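Text of the file run19.cif, holding mmCIF, N, CA and C atoms:
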data_data
#
loop_
_atom_site.label_atom_id
_atom_site.label_comp_id
_atom_site.auth_asym_id
_atom_site.auth_seq_id
_atom_site.Cartn_x
_atom_site.Cartn_y
_atom_site.Cartn_z
N MET N 1 70.35 27.22 163.69
CA MET N 1 71.08 28.35 164.24
C MET N 1 71.18 29.43 163.19
N HIS N 2 70.84 30.63 163.55
CA HIS N 2 70.82 31.76 162.63
C HIS N 2 72.14 32.53 162.74
N HIS N 3 72.81 32.69 161.61
CA HIS N 3 74.06 33.45 161.59
C HIS N 3 73.80 34.84 161.03
N VAL N 4 74.39 35.82 161.63
CA VAL N 4 74.26 37.18 161.16
C VAL N 4 75.26 37.38 160.03
N ARG N 5 74.79 37.84 158.88
CA ARG N 5 75.64 38.09 157.73
C ARG N 5 75.76 39.60 157.53
N LEU N 6 76.88 40.15 157.93
CA LEU N 6 77.06 41.59 157.84
C LEU N 6 77.15 42.08 156.40
N TRP N 7 77.64 41.24 155.49
CA TRP N 7 77.77 41.67 154.10
C TRP N 7 76.42 41.84 153.43
N LYS N 8 75.36 41.26 153.98
CA LYS N 8 74.03 41.43 153.40
C LYS N 8 73.44 42.80 153.73
N SER N 9 73.91 43.41 154.80
CA SER N 9 73.45 44.73 155.18
C SER N 9 74.08 45.78 154.27
N VAL N 10 73.25 46.67 153.75
CA VAL N 10 73.75 47.69 152.82
C VAL N 10 74.76 48.59 153.51
N LEU N 11 74.46 49.00 154.73
CA LEU N 11 75.35 49.90 155.46
C LEU N 11 76.72 49.26 155.69
N PHE N 12 76.73 48.04 156.20
CA PHE N 12 78.01 47.38 156.47
C PHE N 12 78.75 47.01 155.19
N ARG N 13 78.00 46.69 154.13
CA ARG N 13 78.66 46.36 152.85
C ARG N 13 79.46 47.56 152.35
N TYR N 14 78.84 48.73 152.37
CA TYR N 14 79.57 49.92 151.91
C TYR N 14 80.68 50.31 152.89
N LEU N 15 80.41 50.20 154.18
CA LEU N 15 81.40 50.56 155.18
C LEU N 15 82.64 49.68 155.08
N PHE N 16 82.44 48.37 155.03
CA PHE N 16 83.58 47.45 154.94
C PHE N 16 84.32 47.62 153.62
N SER N 17 83.58 47.86 152.54
CA SER N 17 84.23 48.01 151.23
C SER N 17 85.07 49.28 151.18
N VAL N 18 84.53 50.37 151.70
CA VAL N 18 85.30 51.63 151.70
C VAL N 18 86.51 51.50 152.62
N LEU N 19 86.36 50.82 153.74
CA LEU N 19 87.51 50.59 154.62
C LEU N 19 88.58 49.75 153.92
N GLU N 20 88.16 48.79 153.11
CA GLU N 20 89.13 48.01 152.36
C GLU N 20 89.84 48.88 151.33
N GLY N 21 89.09 49.77 150.67
CA GLY N 21 89.72 50.69 149.72
C GLY N 21 90.73 51.60 150.40
N ILE N 22 90.40 52.09 151.60
CA ILE N 22 91.33 52.94 152.35
C ILE N 22 92.57 52.15 152.75
N PHE N 23 92.37 50.87 153.10
CA PHE N 23 93.52 50.03 153.42
C PHE N 23 94.48 49.93 152.24
N TRP N 24 93.95 49.70 151.04
CA TRP N 24 94.82 49.58 149.88
C TRP N 24 95.48 50.91 149.51
N ILE N 25 94.77 52.01 149.73
CA ILE N 25 95.39 53.33 149.51
C ILE N 25 96.53 53.53 150.49
N PHE N 26 96.31 53.16 151.75
CA PHE N 26 97.35 53.28 152.77
C PHE N 26 98.55 52.41 152.44
N ALA N 27 98.30 51.16 152.02
CA ALA N 27 99.40 50.26 151.66
C ALA N 27 100.18 50.79 150.46
N GLY N 28 99.48 51.30 149.48
CA GLY N 28 100.16 51.89 148.33
C GLY N 28 100.92 53.16 148.71
N GLY N 29 100.38 53.92 149.65
CA GLY N 29 101.08 55.11 150.13
C GLY N 29 102.37 54.76 150.83
N LEU N 30 102.36 53.66 151.59
CA LEU N 30 103.60 53.20 152.22
C LEU N 30 104.63 52.77 151.18
N GLY N 31 104.17 52.09 150.14
CA GLY N 31 105.07 51.72 149.05
C GLY N 31 105.64 52.93 148.34
N THR N 32 104.80 53.94 148.14
CA THR N 32 105.27 55.18 147.52
C THR N 32 106.27 55.89 148.42
N ALA N 33 106.03 55.88 149.73
CA ALA N 33 106.98 56.49 150.66
C ALA N 33 108.31 55.76 150.63
N PHE N 34 108.26 54.44 150.49
CA PHE N 34 109.51 53.68 150.36
C PHE N 34 110.26 54.07 149.09
N LEU N 35 109.52 54.26 147.99
CA LEU N 35 110.17 54.71 146.75
C LEU N 35 110.79 56.09 146.90
N LEU N 36 110.14 56.94 147.67
CA LEU N 36 110.69 58.29 147.88
C LEU N 36 111.97 58.24 148.70
N THR N 37 112.03 57.35 149.69
CA THR N 37 113.25 57.26 150.49
C THR N 37 114.37 56.56 149.74
N ALA N 38 114.03 55.68 148.80
CA ALA N 38 115.05 54.96 148.04
C ALA N 38 115.71 55.86 146.99
N GLY N 39 114.97 56.76 146.46
CA GLY N 39 115.51 57.65 145.42
C GLY N 39 114.62 58.86 145.27
N THR N 40 114.97 59.69 144.34
CA THR N 40 114.18 60.90 144.13
C THR N 40 113.21 60.68 142.98
N LEU N 41 111.99 61.03 143.23
CA LEU N 41 110.95 60.98 142.20
C LEU N 41 110.53 62.40 141.89
N PRO N 42 110.26 62.68 140.63
CA PRO N 42 109.75 64.03 140.31
C PRO N 42 108.39 64.26 140.96
N ALA N 43 108.10 65.49 141.28
CA ALA N 43 106.86 65.82 141.97
C ALA N 43 105.65 65.48 141.11
N GLN N 44 105.75 65.69 139.81
CA GLN N 44 104.62 65.38 138.92
C GLN N 44 104.33 63.88 138.91
N MET N 45 105.36 63.06 138.99
CA MET N 45 105.17 61.62 139.03
C MET N 45 104.50 61.20 140.34
N LEU N 46 104.86 61.83 141.42
CA LEU N 46 104.25 61.53 142.71
C LEU N 46 102.76 61.89 142.71
N ILE N 47 102.42 63.00 142.08
CA ILE N 47 101.01 63.41 141.99
C ILE N 47 100.21 62.36 141.23
N TRP N 48 100.75 61.90 140.10
CA TRP N 48 100.02 60.91 139.31
C TRP N 48 99.98 59.55 139.99
N MET N 49 101.00 59.24 140.77
CA MET N 49 100.97 57.99 141.54
C MET N 49 99.86 58.04 142.59
N MET N 50 99.66 59.18 143.22
CA MET N 50 98.59 59.30 144.20
C MET N 50 97.21 59.27 143.54
N HIS N 51 97.09 59.88 142.34
CA HIS N 51 95.84 59.75 141.59
C HIS N 51 95.55 58.29 141.31
N PHE N 52 96.57 57.56 140.90
CA PHE N 52 96.41 56.14 140.59
C PHE N 52 96.04 55.34 141.84
N LEU N 53 96.67 55.66 142.97
CA LEU N 53 96.36 54.95 144.22
C LEU N 53 94.91 55.16 144.65
N TRP N 54 94.44 56.39 144.61
CA TRP N 54 93.06 56.66 145.01
C TRP N 54 92.08 56.03 144.04
N SER N 55 92.40 56.02 142.75
CA SER N 55 91.53 55.38 141.77
C SER N 55 91.51 53.87 141.97
N THR N 56 92.66 53.29 142.29
CA THR N 56 92.72 51.86 142.57
C THR N 56 91.92 51.52 143.82
N GLY N 57 92.02 52.34 144.84
CA GLY N 57 91.23 52.13 146.05
C GLY N 57 89.73 52.20 145.78
N ALA N 58 89.33 53.15 144.93
CA ALA N 58 87.91 53.25 144.56
C ALA N 58 87.47 52.02 143.77
N PHE N 59 88.32 51.55 142.85
CA PHE N 59 87.99 50.37 142.07
C PHE N 59 87.83 49.14 142.96
N LEU N 60 88.80 48.93 143.86
CA LEU N 60 88.77 47.73 144.70
C LEU N 60 87.62 47.76 145.71
N SER N 61 87.32 48.93 146.26
CA SER N 61 86.21 48.98 147.21
C SER N 61 84.88 48.78 146.50
N ALA N 62 84.71 49.35 145.32
CA ALA N 62 83.46 49.17 144.58
C ALA N 62 83.33 47.74 144.08
N ARG N 63 84.44 47.12 143.73
CA ARG N 63 84.40 45.72 143.29
C ARG N 63 83.94 44.81 144.43
N ARG N 64 84.44 45.05 145.63
CA ARG N 64 84.03 44.25 146.78
C ARG N 64 82.55 44.47 147.09
N ALA N 65 82.11 45.72 147.09
CA ALA N 65 80.70 46.00 147.38
C ALA N 65 79.80 45.45 146.29
N GLY N 66 80.22 45.56 145.04
CA GLY N 66 79.42 45.01 143.95
C GLY N 66 79.35 43.50 143.99
N PHE N 67 80.42 42.85 144.40
CA PHE N 67 80.42 41.39 144.50
C PHE N 67 79.44 40.91 145.56
N HIS N 68 79.41 41.60 146.68
CA HIS N 68 78.52 41.17 147.75
C HIS N 68 77.09 41.66 147.55
N GLY N 69 76.91 42.74 146.79
CA GLY N 69 75.56 43.22 146.52
C GLY N 69 74.91 42.49 145.36
N ARG N 70 75.70 42.13 144.35
CA ARG N 70 75.27 41.38 143.17
C ARG N 70 74.26 42.11 142.30
N ARG N 71 74.09 43.42 142.49
CA ARG N 71 73.20 44.20 141.63
C ARG N 71 73.55 45.67 141.75
N HIS N 72 73.12 46.44 140.77
CA HIS N 72 73.33 47.89 140.74
C HIS N 72 74.81 48.26 140.80
N GLY N 73 75.60 47.75 139.86
CA GLY N 73 77.04 47.99 139.87
C GLY N 73 77.43 49.44 139.68
N ILE N 74 76.70 50.15 138.81
CA ILE N 74 77.04 51.55 138.56
C ILE N 74 76.77 52.39 139.80
N ARG N 75 75.62 52.17 140.42
CA ARG N 75 75.29 52.92 141.63
C ARG N 75 76.25 52.58 142.77
N THR N 76 76.58 51.31 142.90
CA THR N 76 77.51 50.87 143.94
C THR N 76 78.87 51.52 143.76
N GLY N 77 79.39 51.51 142.54
CA GLY N 77 80.68 52.13 142.27
C GLY N 77 80.67 53.62 142.49
N PHE N 78 79.57 54.27 142.10
CA PHE N 78 79.46 55.71 142.31
C PHE N 78 79.45 56.05 143.79
N LEU N 79 78.69 55.28 144.58
CA LEU N 79 78.61 55.55 146.02
C LEU N 79 79.94 55.29 146.73
N CYS N 80 80.64 54.23 146.36
CA CYS N 80 81.94 53.96 146.98
C CYS N 80 82.92 55.09 146.65
N SER N 81 82.91 55.55 145.40
CA SER N 81 83.78 56.66 145.02
C SER N 81 83.39 57.94 145.74
N LEU N 82 82.11 58.16 145.89
CA LEU N 82 81.64 59.35 146.60
C LEU N 82 82.08 59.33 148.06
N PHE N 83 81.97 58.17 148.71
CA PHE N 83 82.42 58.07 150.10
C PHE N 83 83.93 58.31 150.22
N LEU N 84 84.69 57.79 149.27
CA LEU N 84 86.15 58.03 149.31
C LEU N 84 86.47 59.50 149.04
N CYS N 85 85.70 60.16 148.18
CA CYS N 85 85.91 61.60 147.95
C CYS N 85 85.59 62.39 149.21
N LEU N 86 84.52 61.99 149.91
CA LEU N 86 84.19 62.67 151.17
C LEU N 86 85.28 62.48 152.21
N ILE N 87 85.86 61.30 152.25
CA ILE N 87 86.97 61.05 153.18
C ILE N 87 88.17 61.90 152.80
N LEU N 88 88.45 62.00 151.50
CA LEU N 88 89.57 62.82 151.03
C LEU N 88 89.39 64.29 151.41
N PHE N 89 88.19 64.82 151.15
CA PHE N 89 87.96 66.23 151.46
C PHE N 89 87.86 66.49 152.96
N SER N 90 87.32 65.55 153.71
CA SER N 90 87.28 65.75 155.16
C SER N 90 88.68 65.67 155.75
N GLY N 91 89.55 64.85 155.18
CA GLY N 91 90.95 64.83 155.61
C GLY N 91 91.63 66.16 155.35
N CYS N 92 91.32 66.77 154.21
CA CYS N 92 91.89 68.09 153.91
C CYS N 92 91.40 69.15 154.90
N VAL N 93 90.13 69.07 155.25
CA VAL N 93 89.58 70.03 156.20
C VAL N 93 90.19 69.82 157.59
N LEU N 94 90.30 68.57 158.02
CA LEU N 94 90.86 68.30 159.34
C LEU N 94 92.34 68.67 159.44
N LEU N 95 93.07 68.49 158.35
CA LEU N 95 94.49 68.84 158.36
C LEU N 95 94.75 70.29 157.95
N LYS N 96 93.67 71.02 157.69
CA LYS N 96 93.73 72.44 157.32
C LYS N 96 94.58 72.65 156.07
N GLU N 97 94.40 71.73 155.10
CA GLU N 97 95.06 71.85 153.80
C GLU N 97 94.15 72.64 152.88
N THR N 98 94.75 73.23 151.87
CA THR N 98 93.95 73.93 150.88
C THR N 98 93.43 72.93 149.85
N VAL N 99 92.20 73.12 149.46
CA VAL N 99 91.59 72.26 148.45
C VAL N 99 92.02 72.80 147.10
N THR N 100 92.72 71.97 146.34
CA THR N 100 93.27 72.40 145.06
C THR N 100 92.58 71.70 143.91
N VAL N 101 92.97 72.06 142.72
CA VAL N 101 92.42 71.45 141.51
C VAL N 101 92.82 69.98 141.44
N ARG N 102 93.97 69.65 142.01
CA ARG N 102 94.41 68.24 142.02
C ARG N 102 93.44 67.35 142.77
N MET N 103 92.83 67.87 143.84
CA MET N 103 91.85 67.09 144.59
C MET N 103 90.63 66.79 143.73
N PHE N 104 90.16 67.79 142.99
CA PHE N 104 89.02 67.58 142.11
C PHE N 104 89.37 66.64 140.96
N THR N 105 90.60 66.74 140.47
CA THR N 105 91.05 65.81 139.43
C THR N 105 91.08 64.40 139.97
N ARG N 106 91.57 64.25 141.18
CA ARG N 106 91.61 62.92 141.82
C ARG N 106 90.20 62.35 141.96
N CYS N 107 89.26 63.19 142.37
CA CYS N 107 87.88 62.72 142.50
C CYS N 107 87.28 62.37 141.14
N LEU N 108 87.57 63.18 140.13
CA LEU N 108 87.05 62.89 138.80
C LEU N 108 87.62 61.60 138.24
N LEU N 109 88.84 61.25 138.62
CA LEU N 109 89.42 59.99 138.19
C LEU N 109 88.88 58.81 139.00
N MET N 110 88.47 59.08 140.25
CA MET N 110 87.96 58.01 141.10
C MET N 110 86.57 57.55 140.66
N PHE N 111 85.74 58.43 140.14
CA PHE N 111 84.38 58.04 139.79
C PHE N 111 84.32 56.99 138.67
N PRO N 112 85.02 57.16 137.54
CA PRO N 112 84.98 56.09 136.54
C PRO N 112 85.62 54.80 137.02
N ALA N 113 86.68 54.91 137.84
CA ALA N 113 87.32 53.70 138.37
C ALA N 113 86.37 52.97 139.32
N GLY N 114 85.66 53.71 140.15
CA GLY N 114 84.70 53.09 141.06
C GLY N 114 83.54 52.45 140.33
N ILE N 115 83.04 53.13 139.30
CA ILE N 115 81.93 52.57 138.52
C ILE N 115 82.38 51.30 137.81
N ALA N 116 83.58 51.31 137.26
CA ALA N 116 84.11 50.10 136.62
C ALA N 116 84.28 48.98 137.63
N GLY N 117 84.72 49.31 138.84
CA GLY N 117 84.86 48.30 139.89
C GLY N 117 83.53 47.73 140.32
N GLY N 118 82.51 48.58 140.42
CA GLY N 118 81.18 48.09 140.78
C GLY N 118 80.62 47.15 139.73
N ILE N 119 80.81 47.49 138.47
CA ILE N 119 80.34 46.63 137.39
C ILE N 119 81.12 45.32 137.38
N ALA N 120 82.43 45.40 137.60
CA ALA N 120 83.25 44.18 137.63
C ALA N 120 82.87 43.28 138.80
N GLY N 121 82.55 43.88 139.94
CA GLY N 121 82.17 43.07 141.10
C GLY N 121 80.83 42.39 140.92
N VAL N 122 79.88 43.07 140.31
CA VAL N 122 78.57 42.48 140.07
C VAL N 122 78.68 41.32 139.08
N ASN N 123 79.53 41.48 138.07
CA ASN N 123 79.65 40.48 137.02
C ASN N 123 80.69 39.40 137.30
N LYS N 124 81.32 39.43 138.45
CA LYS N 124 82.31 38.42 138.79
C LYS N 124 81.63 37.07 138.96
N LYS N 125 82.22 36.04 138.38
CA LYS N 125 81.61 34.71 138.46
C LYS N 125 81.71 34.18 139.89
N LEU N 126 80.66 33.49 140.29
CA LEU N 126 80.62 32.87 141.61
C LEU N 126 81.09 31.43 141.51
N HIS N 127 82.14 31.10 142.22
CA HIS N 127 82.58 29.72 142.30
C HIS N 127 81.86 29.00 143.43
N LYS N 128 81.50 29.77 144.44
CA LYS N 128 80.68 29.29 145.55
C LYS N 128 79.91 30.50 146.05
N PRO N 129 78.82 30.31 146.72
CA PRO N 129 78.06 31.47 147.22
C PRO N 129 78.90 32.27 148.22
N PRO N 130 78.82 33.61 148.18
CA PRO N 130 79.64 34.42 149.09
C PRO N 130 79.22 34.33 150.55
N TYR N 131 78.09 33.74 150.86
CA TYR N 131 77.64 33.67 152.26
C TYR N 131 77.53 32.24 152.70
#
Go ahead and render the structure in this file as structure tokens.
Amino acid sequence: MHHVRLWKSVLFRYLFSVLEGIFWIFAGGLGTAFLLTAGTLPAQMLIWMMHFLWSTGAFLSARRAGFHGRRHGIRTGFLCSLFLCLILFSGCVLLKETVTVRMFTRCLLMFPAGIAGGIAGVNKKLHKPPY
């Protein structure tokens, strides 16, 4: 019996990994919203928390894609970060927000985090085969 392995497909590997990164960004955003309702946070701290959340999402998505791809960690991390940057900018366009320097800073922080995640995912030890 032949089983279809979606993680072996390049398209689905990147799609599922980026969706996982968005999930973690969303979960962290809910935690940040809870912190905002519990007390007052300075605006500068909130900006850096969001930079950290998007970078963490890029790292985790690239790590997942690198783990399932098992090769080309730098390229995998760069592509996952690029897809998340495209999602960020398309969200700004859809919500009719102005694109600011903070968005570019967030993207510049996401690229090294994504590349590091891709390398970490490729080099993660296998305890059992992923498929």
Which polymer residues have any atom within 7 Å of an atom of segment 39-54 of chain N, counting all atoms listed in the file, with same-chain residues fewer than 5 positions away left out, as a PyMOL selection string?
chain N and resi 24-25+28-29+34+59+105-106+109-110
Any chance you could export the current selection's N, CA and C atoms as a CSV table (one decimal), in the frame of the given file?
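Result file selection.csv:
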chain,number,residue,atom,x,y,z
N,24,TRP,N,94.0,49.7,151.0
N,24,TRP,CA,94.8,49.6,149.9
N,24,TRP,C,95.5,50.9,149.5
N,25,ILE,N,94.8,52.0,149.7
N,25,ILE,CA,95.4,53.3,149.5
N,25,ILE,C,96.5,53.5,150.5
N,28,GLY,N,99.5,51.3,149.5
N,28,GLY,CA,100.2,51.9,148.3
N,28,GLY,C,100.9,53.2,148.7
N,29,GLY,N,100.4,53.9,149.6
N,29,GLY,CA,101.1,55.1,150.1
N,29,GLY,C,102.4,54.8,150.8
N,34,PHE,N,108.3,54.4,150.5
N,34,PHE,CA,109.5,53.7,150.4
N,34,PHE,C,110.3,54.1,149.1
N,59,PHE,N,88.3,51.6,142.8
N,59,PHE,CA,88.0,50.4,142.1
N,59,PHE,C,87.8,49.1,143.0
N,105,THR,N,90.6,66.7,140.5
N,105,THR,CA,91.0,65.8,139.4
N,105,THR,C,91.1,64.4,140.0
N,106,ARG,N,91.6,64.2,141.2
N,106,ARG,CA,91.6,62.9,141.8
N,106,ARG,C,90.2,62.4,142.0
N,109,LEU,N,88.8,61.2,138.6
N,109,LEU,CA,89.4,60.0,138.2
N,109,LEU,C,88.9,58.8,139.0
N,110,MET,N,88.5,59.1,140.2
N,110,MET,CA,88.0,58.0,141.1
N,110,MET,C,86.6,57.6,140.7
Expected selection from the PyMOL selection byres ((chain N and resi 115-120) around 6.5), given as JSON, numbers by chain
{"N": [58, 59, 60, 61, 62, 63, 64, 65, 66, 67, 72, 73, 74, 76, 77, 78, 110, 111, 112, 113, 114, 121, 122, 123, 124]}
Convert the current residue selection to file output with N, CA and C atoms, as an mmCIF file, in the coordinates of the input.
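Okay, selection05.cif is ready:
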data_model
loop_
_atom_site.group_PDB
_atom_site.id
_atom_site.type_symbol
_atom_site.label_atom_id
_atom_site.label_comp_id
_atom_site.auth_asym_id
_atom_site.auth_seq_id
_atom_site.Cartn_x
_atom_site.Cartn_y
_atom_site.Cartn_z
ATOM 1 N N ALA N 58 89.330 53.150 144.930
ATOM 2 C CA ALA N 58 87.910 53.250 144.560
ATOM 3 C C ALA N 58 87.470 52.020 143.770
ATOM 4 N N PHE N 59 88.320 51.550 142.850
ATOM 5 C CA PHE N 59 87.990 50.370 142.070
ATOM 6 C C PHE N 59 87.830 49.140 142.960
ATOM 7 N N LEU N 60 88.800 48.930 143.860
ATOM 8 C CA LEU N 60 88.770 47.730 144.700
ATOM 9 C C LEU N 60 87.620 47.760 145.710
ATOM 10 N N SER N 61 87.320 48.930 146.260
ATOM 11 C CA SER N 61 86.210 48.980 147.210
ATOM 12 C C SER N 61 84.880 48.780 146.500
ATOM 13 N N ALA N 62 84.710 49.350 145.320
ATOM 14 C CA ALA N 62 83.460 49.170 144.580
ATOM 15 C C ALA N 62 83.330 47.740 144.080
ATOM 16 N N ARG N 63 84.440 47.120 143.730
ATOM 17 C CA ARG N 63 84.400 45.720 143.290
ATOM 18 C C ARG N 63 83.940 44.810 144.430
ATOM 19 N N ARG N 64 84.440 45.050 145.630
ATOM 20 C CA ARG N 64 84.030 44.250 146.780
ATOM 21 C C ARG N 64 82.550 44.470 147.090
ATOM 22 N N ALA N 65 82.110 45.720 147.090
ATOM 23 C CA ALA N 65 80.700 46.000 147.380
ATOM 24 C C ALA N 65 79.800 45.450 146.290
ATOM 25 N N GLY N 66 80.220 45.560 145.040
ATOM 26 C CA GLY N 66 79.420 45.010 143.950
ATOM 27 C C GLY N 66 79.350 43.500 143.990
ATOM 28 N N PHE N 67 80.420 42.850 144.400
ATOM 29 C CA PHE N 67 80.420 41.390 144.500
ATOM 30 C C PHE N 67 79.440 40.910 145.560
ATOM 31 N N HIS N 72 73.120 46.440 140.770
ATOM 32 C CA HIS N 72 73.330 47.890 140.740
ATOM 33 C C HIS N 72 74.810 48.260 140.800
ATOM 34 N N GLY N 73 75.600 47.750 139.860
ATOM 35 C CA GLY N 73 77.040 47.990 139.870
ATOM 36 C C GLY N 73 77.430 49.440 139.680
ATOM 37 N N ILE N 74 76.700 50.150 138.810
ATOM 38 C CA ILE N 74 77.040 51.550 138.560
ATOM 39 C C ILE N 74 76.770 52.390 139.800
ATOM 40 N N THR N 76 76.580 51.310 142.900
ATOM 41 C CA THR N 76 77.510 50.870 143.940
ATOM 42 C C THR N 76 78.870 51.520 143.760
ATOM 43 N N GLY N 77 79.390 51.510 142.540
ATOM 44 C CA GLY N 77 80.680 52.130 142.270
ATOM 45 C C GLY N 77 80.670 53.620 142.490
ATOM 46 N N PHE N 78 79.570 54.270 142.100
ATOM 47 C CA PHE N 78 79.460 55.710 142.310
ATOM 48 C C PHE N 78 79.450 56.050 143.790
ATOM 49 N N MET N 110 88.470 59.080 140.250
ATOM 50 C CA MET N 110 87.960 58.010 141.100
ATOM 51 C C MET N 110 86.570 57.550 140.660
ATOM 52 N N PHE N 111 85.740 58.430 140.140
ATOM 53 C CA PHE N 111 84.380 58.040 139.790
ATOM 54 C C PHE N 111 84.320 56.990 138.670
ATOM 55 N N PRO N 112 85.020 57.160 137.540
ATOM 56 C CA PRO N 112 84.980 56.090 136.540
ATOM 57 C C PRO N 112 85.620 54.800 137.020
ATOM 58 N N ALA N 113 86.680 54.910 137.840
ATOM 59 C CA ALA N 113 87.320 53.700 138.370
ATOM 60 C C ALA N 113 86.370 52.970 139.320
ATOM 61 N N GLY N 114 85.660 53.710 140.150
ATOM 62 C CA GLY N 114 84.700 53.090 141.060
ATOM 63 C C GLY N 114 83.540 52.450 140.330
ATOM 64 N N GLY N 121 82.550 43.880 139.940
ATOM 65 C CA GLY N 121 82.170 43.070 141.100
ATOM 66 C C GLY N 121 80.830 42.390 140.920
ATOM 67 N N VAL N 122 79.880 43.070 140.310
ATOM 68 C CA VAL N 122 78.570 42.480 140.070
ATOM 69 C C VAL N 122 78.680 41.320 139.080
ATOM 70 N N ASN N 123 79.530 41.480 138.070
ATOM 71 C CA ASN N 123 79.650 40.480 137.020
ATOM 72 C C ASN N 123 80.690 39.400 137.300
ATOM 73 N N LYS N 124 81.320 39.430 138.450
ATOM 74 C CA LYS N 124 82.310 38.420 138.790
ATOM 75 C C LYS N 124 81.630 37.070 138.960
#
Please compute the atom CA of Gly91 of chain N-atom CA of Leu36 of chain N distance, one decimal, in Å.
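Taking atom CA of Gly91 of chain N as the start and atom CA of Leu36 of chain N as the end point, the length is 22.2 Å.
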Segment 93-112 of chain N: axis-aligned bounding box, 3 Å on each side, centre and edge lengths in Å, one decimal, as JSON:
{"center_x": 89.7, "center_y": 64.4, "center_z": 148.0, "size_x": 16.7, "size_y": 25.1, "size_z": 28.9}
Å distance separating atom CA of Val18 of chain N from atom CA of Gly31 of chain N, one decimal place:
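About the pair atom CA of Val18 of chain N and atom CA of Gly31 of chain N: they are 19.9 Å apart.
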In terms of only C-alpha atoms, the residue from N:Ala38, N:Gly21, N:Ala33, N:Gly69 at minimal distance from Lys8 of chain N is N:Gly69
Please report the interatomic distance between atom C of Glu20 of chain N and atom N of Gly57 of chain N in Å with one decimal.
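Atom-to-atom, atom C of Glu20 of chain N and atom N of Gly57 of chain N are spaced 7.7 Å apart.
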Output requested as a PDB file, keeping the file's coordinate frame - segment 15-20 of chain N, filled out with all heavy atoms.
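And here's rebuild.pdb as it stands now:
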ATOM      1  N   LEU N  15      80.410  50.200 154.180  1.00  0.00           N
ATOM      2  CA  LEU N  15      81.400  50.560 155.180  1.00  0.00           C
ATOM      3  C   LEU N  15      82.640  49.680 155.080  1.00  0.00           C
ATOM      4  O   LEU N  15      83.772  50.177 155.011  1.00  0.00           O
ATOM      5  CB  LEU N  15      80.804  50.467 156.585  1.00  0.00           C
ATOM      6  CG  LEU N  15      81.764  50.763 157.733  1.00  0.00           C
ATOM      7  CD1 LEU N  15      82.134  52.231 157.740  1.00  0.00           C
ATOM      8  CD2 LEU N  15      81.144  50.355 159.049  1.00  0.00           C
ATOM      9  N   PHE N  16      82.440  48.370 155.030  1.00  0.00           N
ATOM     10  CA  PHE N  16      83.580  47.450 154.940  1.00  0.00           C
ATOM     11  C   PHE N  16      84.320  47.620 153.620  1.00  0.00           C
ATOM     12  O   PHE N  16      85.543  47.533 153.568  1.00  0.00           O
ATOM     13  CB  PHE N  16      83.129  46.001 155.109  1.00  0.00           C
ATOM     14  CG  PHE N  16      82.666  45.660 156.489  1.00  0.00           C
ATOM     15  CD1 PHE N  16      81.768  44.630 156.691  1.00  0.00           C
ATOM     16  CD2 PHE N  16      83.106  46.364 157.593  1.00  0.00           C
ATOM     17  CE1 PHE N  16      81.336  44.301 157.960  1.00  0.00           C
ATOM     18  CE2 PHE N  16      82.684  46.049 158.872  1.00  0.00           C
ATOM     19  CZ  PHE N  16      81.791  45.019 159.052  1.00  0.00           C
ATOM     20  N   SER N  17      83.580  47.860 152.540  1.00  0.00           N
ATOM     21  CA  SER N  17      84.230  48.010 151.230  1.00  0.00           C
ATOM     22  C   SER N  17      85.070  49.280 151.180  1.00  0.00           C
ATOM     23  O   SER N  17      86.190  49.267 150.671  1.00  0.00           O
ATOM     24  CB  SER N  17      83.173  48.033 150.131  1.00  0.00           C
ATOM     25  OG  SER N  17      82.467  46.826 150.098  1.00  0.00           O
ATOM     26  N   VAL N  18      84.530  50.370 151.700  1.00  0.00           N
ATOM     27  CA  VAL N  18      85.300  51.630 151.700  1.00  0.00           C
ATOM     28  C   VAL N  18      86.510  51.500 152.620  1.00  0.00           C
ATOM     29  O   VAL N  18      87.596  52.001 152.295  1.00  0.00           O
ATOM     30  CB  VAL N  18      84.388  52.809 152.079  1.00  0.00           C
ATOM     31  CG1 VAL N  18      85.175  54.060 152.354  1.00  0.00           C
ATOM     32  CG2 VAL N  18      83.378  53.058 150.968  1.00  0.00           C
ATOM     33  N   LEU N  19      86.360  50.820 153.740  1.00  0.00           N
ATOM     34  CA  LEU N  19      87.510  50.590 154.620  1.00  0.00           C
ATOM     35  C   LEU N  19      88.580  49.750 153.920  1.00  0.00           C
ATOM     36  O   LEU N  19      89.775  49.985 154.103  1.00  0.00           O
ATOM     37  CB  LEU N  19      87.076  49.933 155.921  1.00  0.00           C
ATOM     38  CG  LEU N  19      86.347  50.832 156.914  1.00  0.00           C
ATOM     39  CD1 LEU N  19      85.878  50.024 158.116  1.00  0.00           C
ATOM     40  CD2 LEU N  19      87.223  51.985 157.345  1.00  0.00           C
ATOM     41  N   GLU N  20      88.160  48.790 153.110  1.00  0.00           N
ATOM     42  CA  GLU N  20      89.130  48.010 152.360  1.00  0.00           C
ATOM     43  C   GLU N  20      89.840  48.880 151.330  1.00  0.00           C
ATOM     44  O   GLU N  20      91.058  48.778 151.140  1.00  0.00           O
ATOM     45  CB  GLU N  20      88.455  46.840 151.653  1.00  0.00           C
ATOM     46  CG  GLU N  20      89.428  45.990 150.875  1.00  0.00           C
ATOM     47  CD  GLU N  20      88.767  44.887 150.090  1.00  0.00           C
ATOM     48  OE1 GLU N  20      87.555  44.670 150.236  1.00  0.00           O
ATOM     49  OE2 GLU N  20      89.491  44.239 149.316  1.00  0.00           O
TER      50      GLU N  20
END
